[in-house]
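Undergrad: The following file, data.cif, comprises mmCIF, C-alpha atoms:
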```cif
data_upload
#
loop_
_atom_site.group_PDB
_atom_site.id
_atom_site.type_symbol
_atom_site.label_atom_id
_atom_site.label_comp_id
_atom_site.auth_asym_id
_atom_site.auth_seq_id
_atom_site.Cartn_x
_atom_site.Cartn_y
_atom_site.Cartn_z
ATOM 1 C CA MET A 8 0.000 0.000 0.000
ATOM 2 C CA SER A 9 1.225 3.516 -0.790
ATOM 3 C CA ASN A 10 2.095 6.034 1.895
ATOM 4 C CA ALA A 11 -0.958 8.059 0.857
ATOM 5 C CA GLY A 12 -3.190 5.014 1.285
ATOM 6 C CA GLU A 13 -1.755 4.287 4.715
ATOM 7 C CA ALA A 14 -2.282 7.910 5.697
ATOM 8 C CA ARG A 15 -5.954 7.723 4.709
ATOM 9 C CA LEU A 16 -6.422 4.568 6.749
ATOM 10 C CA SER A 17 -4.738 6.220 9.727
ATOM 11 C CA GLU A 18 -7.099 9.178 9.466
ATOM 12 C CA LEU A 19 -10.094 6.870 9.416
ATOM 13 C CA ASP A 20 -8.672 4.832 12.304
ATOM 14 C CA ALA A 21 -8.446 8.044 14.312
ATOM 15 C CA ALA A 22 -12.073 8.864 13.481
ATOM 16 C CA LEU A 23 -13.235 5.540 14.930
ATOM 17 C CA ASP A 24 -10.879 5.768 17.907
ATOM 18 C CA GLY A 25 -12.376 9.150 18.730
ATOM 19 C CA GLN A 26 -15.777 7.539 19.342
ATOM 20 C CA GLN A 27 -17.105 5.505 22.235
ATOM 21 C CA VAL A 28 -16.746 2.204 20.421
ATOM 22 C CA THR A 29 -19.447 -0.417 20.987
ATOM 23 C CA PRO A 30 -20.484 -3.655 19.239
ATOM 24 C CA GLN A 31 -23.386 -1.668 17.765
ATOM 25 C CA ILE A 32 -20.956 0.458 15.759
ATOM 26 C CA ALA A 33 -19.417 -2.684 14.265
ATOM 27 C CA GLU A 34 -22.820 -4.017 13.259
ATOM 28 C CA GLU A 35 -23.791 -0.691 11.689
ATOM 29 C CA LEU A 36 -20.520 -0.364 9.768
ATOM 30 C CA PHE A 37 -20.837 -3.889 8.415
ATOM 31 C CA ALA A 38 -24.444 -3.196 7.434
ATOM 32 C CA VAL A 39 -23.289 -0.157 5.456
ATOM 33 C CA VAL A 40 -20.564 -2.253 3.811
ATOM 34 C CA ASP A 41 -23.161 -4.806 2.730
ATOM 35 C CA LEU A 42 -25.381 -2.045 1.374
ATOM 36 C CA LEU A 43 -22.533 -0.527 -0.625
ATOM 37 C CA ASP A 44 -21.584 -3.963 -1.949
ATOM 38 C CA ALA A 45 -25.119 -4.367 -3.237
ATOM 39 C CA GLN A 46 -25.491 -0.865 -4.727
ATOM 40 C CA PRO A 47 -22.744 0.169 -7.181
ATOM 41 C CA THR A 48 -24.434 3.497 -7.911
ATOM 42 C CA LEU A 49 -24.279 4.480 -4.265
ATOM 43 C CA ARG A 50 -20.628 3.390 -4.036
ATOM 44 C CA ARG A 51 -19.746 5.588 -6.968
ATOM 45 C CA ALA A 52 -21.683 8.560 -5.583
ATOM 46 C CA LEU A 53 -19.870 8.389 -2.257
ATOM 47 C CA THR A 54 -16.465 8.375 -3.956
ATOM 48 C CA ASP A 55 -17.282 10.776 -6.805
ATOM 49 C CA PRO A 56 -14.249 13.102 -7.113
ATOM 50 C CA GLY A 57 -16.455 15.629 -8.896
ATOM 51 C CA LEU A 58 -18.496 16.116 -5.721
ATOM 52 C CA GLU A 59 -17.010 18.246 -2.965
ATOM 53 C CA PRO A 60 -16.099 16.383 0.250
ATOM 54 C CA ASN A 61 -18.761 18.316 2.148
ATOM 55 C CA GLY A 62 -21.283 17.246 -0.458
ATOM 56 C CA ARG A 63 -20.402 13.591 0.027
ATOM 57 C CA ALA A 64 -20.671 14.072 3.805
ATOM 58 C CA ALA A 65 -24.098 15.657 3.340
ATOM 59 C CA LEU A 66 -25.139 12.597 1.334
ATOM 60 C CA ILE A 67 -24.135 10.419 4.305
ATOM 61 C CA ASP A 68 -26.266 12.571 6.605
ATOM 62 C CA SER A 69 -29.311 12.269 4.349
ATOM 63 C CA LEU A 70 -28.953 8.516 3.870
ATOM 64 C CA PHE A 71 -27.876 7.343 7.307
ATOM 65 C CA GLY A 72 -28.392 10.192 9.754
ATOM 66 C CA SER A 73 -31.607 8.740 11.160
ATOM 67 C CA ARG A 74 -30.727 5.081 10.648
ATOM 68 C CA VAL A 75 -27.453 4.546 12.531
ATOM 69 C CA SER A 76 -25.808 5.968 15.629
ATOM 70 C CA ALA A 77 -24.158 9.372 15.664
ATOM 71 C CA ALA A 78 -20.768 7.706 16.194
ATOM 72 C CA THR A 79 -21.187 5.600 13.053
ATOM 73 C CA VAL A 80 -22.329 8.625 11.065
ATOM 74 C CA GLN A 81 -19.167 10.464 12.125
ATOM 75 C CA VAL A 82 -16.957 7.614 10.904
ATOM 76 C CA LEU A 83 -18.869 7.459 7.606
ATOM 77 C CA ARG A 84 -18.600 11.220 7.125
ATOM 78 C CA GLU A 85 -14.850 11.073 7.674
ATOM 79 C CA ALA A 86 -14.539 8.161 5.266
ATOM 80 C CA VAL A 87 -16.330 9.752 2.323
ATOM 81 C CA GLN A 88 -14.434 13.019 2.680
ATOM 82 C CA LEU A 89 -11.179 11.190 1.955
ATOM 83 C CA ARG A 90 -10.043 10.251 -1.549
ATOM 84 C CA TRP A 91 -9.820 6.469 -1.877
ATOM 85 C CA GLY A 92 -9.034 6.045 -5.536
ATOM 86 C CA GLY A 93 -12.201 4.064 -6.160
ATOM 87 C CA PRO A 94 -15.400 2.671 -4.636
ATOM 88 C CA ALA A 95 -13.853 -0.699 -3.717
ATOM 89 C CA ALA A 96 -11.197 1.001 -1.599
ATOM 90 C CA LEU A 97 -13.857 2.867 0.380
ATOM 91 C CA VAL A 98 -15.780 -0.341 1.049
ATOM 92 C CA ALA A 99 -12.614 -2.124 2.178
ATOM 93 C CA ALA A 100 -11.730 0.771 4.486
ATOM 94 C CA LEU A 101 -15.167 0.688 6.118
ATOM 95 C CA ASP A 102 -14.987 -3.088 6.479
ATOM 96 C CA ARG A 103 -11.653 -2.624 8.264
ATOM 97 C CA GLN A 104 -13.280 -0.206 10.696
ATOM 98 C CA GLY A 105 -15.989 -2.767 11.400
ATOM 99 C CA VAL A 106 -13.300 -5.298 12.318
ATOM 100 C CA ARG A 107 -11.504 -2.700 14.423
ATOM 101 C CA ALA A 108 -14.748 -1.924 16.260
ATOM 102 C CA VAL A 109 -15.192 -5.613 17.142
ATOM 103 C CA ALA A 110 -11.558 -5.836 18.243
ATOM 104 C CA THR A 111 -11.849 -2.677 20.334
ATOM 105 C CA SER A 112 -14.946 -4.003 22.068
ATOM 106 C CA ALA A 113 -13.141 -7.279 22.812
ATOM 107 C CA GLN A 114 -10.136 -5.364 24.112
ATOM 108 C CA GLN A 115 -12.380 -3.354 26.411
ATOM 109 C CA ALA A 116 -13.836 -6.639 27.684
ATOM 110 C CA GLY A 117 -10.364 -8.108 28.226
ATOM 111 C CA THR A 118 -10.924 -10.922 25.727
ATOM 112 C CA LEU A 119 -8.968 -9.795 22.655
ATOM 113 C CA ASP A 120 -6.072 -12.224 23.214
ATOM 114 C CA GLN A 121 -8.600 -15.056 23.450
ATOM 115 C CA VAL A 122 -10.425 -13.883 20.319
ATOM 116 C CA GLU A 123 -7.203 -13.703 18.311
ATOM 117 C CA ASP A 124 -6.207 -17.205 19.375
ATOM 118 C CA GLU A 125 -9.657 -18.627 18.634
ATOM 119 C CA LEU A 126 -9.790 -17.032 15.187
ATOM 120 C CA PHE A 127 -6.376 -18.434 14.348
ATOM 121 C CA ARG A 128 -7.277 -21.913 15.609
ATOM 122 C CA PHE A 129 -10.570 -21.932 13.731
ATOM 123 C CA GLY A 130 -8.817 -20.810 10.567
ATOM 124 C CA ARG A 131 -6.370 -23.702 10.930
ATOM 125 C CA LEU A 132 -9.247 -26.120 11.495
ATOM 126 C CA VAL A 133 -10.981 -24.998 8.316
ATOM 127 C CA ALA A 134 -7.738 -25.080 6.329
ATOM 128 C CA GLY A 135 -7.077 -28.641 7.468
ATOM 129 C CA GLU A 136 -10.552 -29.991 6.646
ATOM 130 C CA PRO A 137 -11.204 -29.864 2.859
ATOM 131 C CA ALA A 138 -14.883 -30.775 3.249
ATOM 132 C CA LEU A 139 -15.454 -27.983 5.768
ATOM 133 C CA ARG A 140 -13.490 -25.485 3.684
ATOM 134 C CA SER A 141 -15.565 -26.410 0.643
ATOM 135 C CA ALA A 142 -18.837 -26.118 2.572
ATOM 136 C CA LEU A 143 -18.001 -22.621 3.826
ATOM 137 C CA SER A 144 -16.962 -21.395 0.380
ATOM 138 C CA ASP A 145 -19.823 -23.001 -1.576
ATOM 139 C CA ARG A 146 -21.658 -20.024 -3.078
ATOM 140 C CA SER A 147 -24.430 -22.309 -4.340
ATOM 141 C CA ALA A 148 -25.488 -22.725 -0.692
ATOM 142 C CA SER A 149 -27.209 -19.831 1.040
ATOM 143 C CA LEU A 150 -25.099 -17.446 3.091
ATOM 144 C CA GLY A 151 -27.366 -18.051 6.079
ATOM 145 C CA ALA A 152 -26.747 -21.800 5.933
ATOM 146 C CA ARG A 153 -22.989 -21.346 5.742
ATOM 147 C CA GLN A 154 -22.996 -18.899 8.628
ATOM 148 C CA GLN A 155 -25.139 -21.273 10.655
ATOM 149 C CA LEU A 156 -22.503 -23.949 10.094
ATOM 150 C CA VAL A 157 -19.953 -21.631 11.704
ATOM 151 C CA SER A 158 -22.298 -21.029 14.644
ATOM 152 C CA ASP A 159 -22.897 -24.758 15.064
ATOM 153 C CA LEU A 160 -19.153 -25.349 15.264
ATOM 154 C CA LEU A 161 -18.311 -22.471 17.607
ATOM 155 C CA ASP A 162 -21.351 -21.816 19.815
ATOM 156 C CA GLY A 163 -20.424 -22.569 23.418
ATOM 157 C CA ARG A 164 -16.777 -23.056 22.430
ATOM 158 C CA ALA A 165 -15.643 -19.538 21.536
ATOM 159 C CA ASP A 166 -16.111 -15.902 22.493
ATOM 160 C CA ALA A 167 -19.028 -14.041 20.934
ATOM 161 C CA ALA A 168 -16.619 -11.778 19.036
ATOM 162 C CA THR A 169 -14.881 -14.831 17.542
ATOM 163 C CA ILE A 170 -18.205 -16.213 16.341
ATOM 164 C CA TYR A 171 -19.290 -12.846 14.967
ATOM 165 C CA LEU A 172 -16.095 -12.328 12.944
ATOM 166 C CA SER A 173 -16.022 -15.945 11.752
ATOM 167 C CA ARG A 174 -19.589 -15.632 10.492
ATOM 168 C CA ARG A 175 -18.630 -12.349 8.869
ATOM 169 C CA ALA A 176 -15.649 -13.935 7.120
ATOM 170 C CA VAL A 177 -18.001 -16.414 5.414
ATOM 171 C CA ALA A 178 -19.732 -13.466 3.724
ATOM 172 C CA ALA A 179 -16.497 -12.067 2.266
ATOM 173 C CA ARG A 180 -16.922 -11.600 -1.467
ATOM 174 C CA THR A 181 -13.408 -10.762 -2.616
ATOM 175 C CA ARG A 182 -11.196 -13.164 -0.645
ATOM 176 C CA SER A 183 -11.281 -16.718 0.645
ATOM 177 C CA PHE A 184 -12.401 -17.511 4.184
ATOM 178 C CA ASP A 185 -8.869 -18.196 5.457
ATOM 179 C CA LEU A 186 -7.415 -15.061 3.890
ATOM 180 C CA THR A 187 -10.245 -12.999 5.351
ATOM 181 C CA LEU A 188 -9.633 -14.387 8.844
ATOM 182 C CA GLY A 189 -5.921 -13.714 8.406
ATOM 183 C CA GLY A 190 -6.735 -10.124 7.521
ATOM 184 C CA TYR A 191 -8.890 -9.798 10.626
ATOM 185 C CA LEU A 192 -6.022 -11.073 12.779
ATOM 186 C CA ALA A 193 -3.611 -8.592 11.213
ATOM 187 C CA VAL A 194 -6.019 -5.710 11.883
ATOM 188 C CA ALA A 195 -6.459 -6.773 15.514
ATOM 189 C CA ALA A 196 -2.700 -7.041 16.023
ATOM 190 C CA ALA A 197 -1.991 -3.705 14.328
ATOM 191 C CA GLN A 198 -4.559 -2.024 16.529
ATOM 192 C CA ARG A 199 -2.348 -2.799 19.504
ATOM 193 C CA GLY A 200 0.849 -1.943 17.675
ATOM 194 C CA ARG A 201 1.790 -5.585 17.312
ATOM 195 C CA ALA A 202 3.317 -7.566 14.488
ATOM 196 C CA VAL A 203 1.913 -10.981 13.584
ATOM 197 C CA ALA A 204 4.561 -13.713 13.594
ATOM 198 C CA HIS A 205 3.729 -17.020 11.916
ATOM 199 C CA VAL A 206 5.708 -19.756 13.678
ATOM 200 C CA VAL A 207 6.146 -23.346 12.463
ATOM 201 C CA VAL A 208 7.644 -25.789 14.983
ATOM 202 C CA ALA A 209 8.124 -29.541 15.192
ATOM 203 C CA ARG A 210 6.595 -29.781 18.679
ATOM 204 C CA PRO A 211 4.191 -27.569 20.645
ATOM 205 C CA LEU A 212 5.842 -24.709 22.519
ATOM 206 C CA THR A 213 5.707 -24.685 26.286
ATOM 207 C CA ASP A 214 4.367 -21.549 27.952
ATOM 208 C CA GLU A 215 7.937 -20.564 28.824
ATOM 209 C CA GLN A 216 9.154 -21.083 25.247
ATOM 210 C CA HIS A 217 6.193 -19.119 23.931
ATOM 211 C CA GLN A 218 6.952 -16.160 26.176
ATOM 212 C CA ARG A 219 10.691 -16.268 25.441
ATOM 213 C CA LEU A 220 9.966 -16.203 21.715
ATOM 214 C CA VAL A 221 7.544 -13.292 22.113
ATOM 215 C CA THR A 222 10.175 -11.370 24.075
ATOM 216 C CA ALA A 223 12.985 -12.143 21.623
ATOM 217 C CA LEU A 224 10.959 -11.254 18.532
ATOM 218 C CA GLY A 225 9.608 -8.122 20.186
ATOM 219 C CA GLY A 226 13.138 -6.973 20.918
ATOM 220 C CA GLN A 227 14.245 -7.712 17.366
ATOM 221 C CA LEU A 228 11.264 -6.011 15.730
ATOM 222 C CA GLY A 229 10.959 -3.130 18.183
ATOM 223 C CA ARG A 230 7.277 -3.742 18.944
ATOM 224 C CA GLY A 231 4.933 -6.269 20.490
ATOM 225 C CA VAL A 232 4.304 -9.567 18.736
ATOM 226 C CA SER A 233 1.292 -11.867 18.390
ATOM 227 C CA LEU A 234 2.310 -15.465 17.662
ATOM 228 C CA GLN A 235 0.426 -17.801 15.340
ATOM 229 C CA VAL A 236 1.970 -21.206 16.065
ATOM 230 C CA VAL A 237 1.567 -24.212 13.769
ATOM 231 C CA VAL A 238 2.930 -27.629 14.738
ATOM 232 C CA ASP A 239 4.431 -29.516 11.779
ATOM 233 C CA PRO A 240 6.166 -32.794 12.713
ATOM 234 C CA GLY A 241 7.928 -32.665 9.369
ATOM 235 C CA VAL A 242 10.105 -29.757 10.490
ATOM 236 C CA LEU A 243 13.622 -31.152 10.862
ATOM 237 C CA GLY A 244 14.681 -28.880 13.694
ATOM 238 C CA GLY A 245 14.543 -25.365 15.052
ATOM 239 C CA MET A 246 11.622 -23.297 13.869
ATOM 240 C CA ARG A 247 10.493 -21.163 10.989
ATOM 241 C CA VAL A 248 9.303 -17.663 11.888
ATOM 242 C CA THR A 249 7.911 -15.249 9.325
ATOM 243 C CA VAL A 250 6.572 -11.758 9.809
ATOM 244 C CA GLY A 251 4.784 -10.701 6.655
ATOM 245 C CA ASP A 252 7.101 -11.755 3.826
ATOM 246 C CA GLU A 253 10.231 -11.636 5.988
ATOM 247 C CA LEU A 254 11.819 -14.883 7.210
ATOM 248 C CA ILE A 255 13.114 -14.242 10.728
ATOM 249 C CA GLU A 256 14.527 -17.665 11.561
ATOM 250 C CA GLY A 257 14.796 -20.783 9.462
ATOM 251 C CA THR A 258 14.502 -24.477 10.155
ATOM 252 C CA VAL A 259 17.326 -26.938 9.611
ATOM 253 C CA ALA A 260 15.704 -27.850 6.287
ATOM 254 C CA ASP A 261 15.732 -24.188 5.231
ATOM 255 C CA ARG A 262 19.420 -23.840 6.081
ATOM 256 C CA LEU A 263 20.324 -27.050 4.238
ATOM 257 C CA GLU A 264 18.428 -25.868 1.170
ATOM 258 C CA LEU A 265 20.167 -22.477 1.347
ATOM 259 C CA ALA A 266 23.560 -24.199 1.555
ATOM 260 C CA ARG A 267 22.660 -26.419 -1.389
ATOM 261 C CA ARG A 268 21.750 -23.419 -3.524
ATOM 262 C CA GLN A 269 24.959 -21.638 -2.572
ATOM 263 C CA ILE A 270 27.222 -24.484 -3.682
ATOM 264 C CA SER A 271 25.260 -25.634 -6.715
#
```
Please express what this file holds, its structure, as structure tokens.
TA:
Amino acid sequence: MSNAGEARLSELDAALDGQQVTPQIAEELFAVVDLLDAQPTLRRALTDPGLEPNGRAALIDSLFGSRVSAATVQVLREAVQLRWGGPAALVAALDRQGVRAVATSAQQAGTLDQVEDELFRFGRLVAGEPALRSALSDRSASLGARQQLVSDLLDGRADAATIYLSRRAVAARTRSFDLTLGGYLAVAAAQRGRAVAHVVVARPLTDEQHQRLVTALGGQLGRGVSLQVVVDPGVLGGMRVTVGDELIEGTVADRLELARRQIS
């Protein structure tokens, strides 16, 4: 993403952070996202560069002023006054704020760490079960049925925010379920100034090893770290840690392959 794009997202983040964030705001933002997804004309009107920013804000007032909370209206007004480069970018930015609102509410409740872990674990479960992955992505089945499948799997086993976001990820139109959940996790981590480290190990980490790795990576990266740990018995030794596209530490297999390439 360009620096200008990141700056726009930061401005919109600040608009949400300036509100008293509640689960209601998340629901309202997601409802607006769904409406914009369904109405291309409205998407174009709200991003029309030929209309002054105040005019686009006035359109928000007329459409949503009596239908959603004042806090949500303020976030929407801020969003449409920014230049996004296209309707899809606006919708994605609002969807991000919906995720941030859920994460903020979970943080206020003291459950955000739990929610992040549950989302990651559920994503791994879906990725490892082809039949389940196919069922959740089957667009020939109704969205309600696919979301109910998520509820059936998680009700009584996960936090309400985990269930809400997992059901939401099923409705994603532009990315797969697992990529959508991964995006949600990245947003939640970024909200707390954390990096997301994907860790592959041969055996489960003990609590002490987990904390030592968090501390070491945090010192190396200069910020907090959220770990996503995957156990792969096929790992020859050590661990593989990636943050984004950057490999932080390789396994024995990685180092052997690197040596092979160097001498070949």
Undergrad: Tell me which residues the PyMOL selection byres ((chain A and resi 75) around 12) grabs here, as a list in words.
TA: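 Those residues are Gln31, Ile32, Ala33, Glu34, Glu35, Leu36, Phe37, Ala38, Val39, Ile67, Asp68, Ser69, Leu70, Phe71, Gly72, Ser73, Arg74, Ser76, Ala77, Ala78, Thr79, Val80, Gln81, Val82 and Leu83 of chain A.
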Undergrad: Between A:Arg175, A:Arg182, A:Arg90, A:Arg210, single out the one closest to Ala14 of chain A, counting all atoms listed in the file.
TA: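 Between A:Arg175, A:Arg182, A:Arg90, A:Arg210, the residue approaching Ala14 of chain A most closely is A:Arg90.
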Undergrad: Which residues are near segment 57-61 of chain A? Cut-off 10 Å, all atoms listed in the file, ignore same chain within fewer than 3 positions. Put them as JSON, numbers by chain.
TA: {"A": [52, 53, 54, 64, 65, 66, 67, 84, 85, 86, 87, 88, 89, 90]}
Undergrad: Ranking A:Ile170, A:Val207, A:Glu13, A:Thr48 by minimum distance to Leu254 of chain A and counting all atoms listed in the file, which one comes first?
TA: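 Looking at the shortest contact to Leu254 of chain A, the residue is A:Val207.
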Undergrad: Residues within 10 Å of Arg174 of chain A, please, as a PyMOL selection string. Count only C-alpha atoms; anything in the same chain fewer than 5 positions from it doesn't count.
TA: chain A and resi 143+150-151+153-158+161+168-169+179+184
Undergrad: Once the PyMOL selection byres ((chain A and resi 144) around 8) is applied to the coordinates I shared, what remains selected? I want it as a list in words.
TA: Arg140, Ser141, Ala142, Leu143, Asp145, Arg146, Val177, Ser183 and Phe184 of chain A
Undergrad: Those selected residues, please, written with C-alpha atoms and delivered as an mmCIF file, in the coordinates of the input.
TA:
```cif
data_model
loop_
_atom_site.group_PDB
_atom_site.id
_atom_site.type_symbol
_atom_site.label_atom_id
_atom_site.label_comp_id
_atom_site.auth_asym_id
_atom_site.auth_seq_id
_atom_site.Cartn_x
_atom_site.Cartn_y
_atom_site.Cartn_z
ATOM 1 C CA ARG A 140 -13.490 -25.485 3.684
ATOM 2 C CA SER A 141 -15.565 -26.410 0.643
ATOM 3 C CA ALA A 142 -18.837 -26.118 2.572
ATOM 4 C CA LEU A 143 -18.001 -22.621 3.826
ATOM 5 C CA ASP A 145 -19.823 -23.001 -1.576
ATOM 6 C CA ARG A 146 -21.658 -20.024 -3.078
ATOM 7 C CA VAL A 177 -18.001 -16.414 5.414
ATOM 8 C CA SER A 183 -11.281 -16.718 0.645
ATOM 9 C CA PHE A 184 -12.401 -17.511 4.184
#
```
Undergrad: Once the PyMOL selection byres ((chain A and resi 20) around 12) has been applied to the shown file, what residues remain in the selection, as an MDAnalysis selection string?
TA: chainID A and resid 13:19 21:26 28 81:83 85:86 100:108 111 194 197:198
Undergrad: In terms of the shortest atom-to-atom distance over all atoms listed in the file, which of A:Ala134, A:Val250, A:Ala96, A:Leu42 is closest to Ala193 of chain A?
TA: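 The closest residue to Ala193 of chain A is A:Val250.
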Undergrad: Find, counting all atoms listed in the file, the residue in A:Asp252, A:Pro211, A:Ala45, A:Gly226 that gets nearest to Asp239 of chain A.
TA: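 That would be A:Pro211, the residue with the smallest distance to Asp239 of chain A.
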Undergrad: What's the separation between atom CA of Asp185 of chain A and atom CA of Arg131 of chain A, in Å to one decimal place?
TA: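 Separation of atom CA of Asp185 of chain A and atom CA of Arg131 of chain A: 8.2 Å.
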Undergrad: Set the distance at 9 Å and use all atoms listed in the file: which residues neighbour Ala204 of chain A once local chain neighbours fewer than 4 positions away are removed? I'd like the list as an NGL selection string.
TA: :A and (224 or 232-236 or 248-251)
Undergrad: At what distance in Å, to one decimal, does atom CA of Arg164 of chain A lie from atom CA of Leu192 of chain A?
TA: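 Value for the atom CA of Leu192 of chain A-atom CA of Arg164 of chain A distance: 18.8 Å.
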Undergrad: Quick one: pull the distance between atom CA of Val40 of chain A and atom CA of Val133 of chain A, Å, one decimal.
TA: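 Taking atom CA of Val40 of chain A and atom CA of Val133 of chain A, their separation equals 25.1 Å.
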Undergrad: Let me make sure I understand: among A:Leu126, A:Val109, A:Leu160, A:Val98, which one has the smallest atom-to-atom distance to Leu139 of chain A if we use all atoms listed in the file?
TA: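 Ranked by minimum distance to Leu139 of chain A, first place goes to A:Leu160.
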Undergrad: A:Arg50, A:His217, A:Arg63, A:Arg128: which is nearest Pro94 of chain A, counting only C-alpha atoms?
TA: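 Smallest distance to Pro94 of chain A is found for A:Arg50.
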Undergrad: Mind listing as a PyMOL selection string all residues within 8 Å of (-15.8, -10.1, 23.6), counting only C-alpha atoms?
TA: chain A and resi 109+112-114+116-119+122+166-169
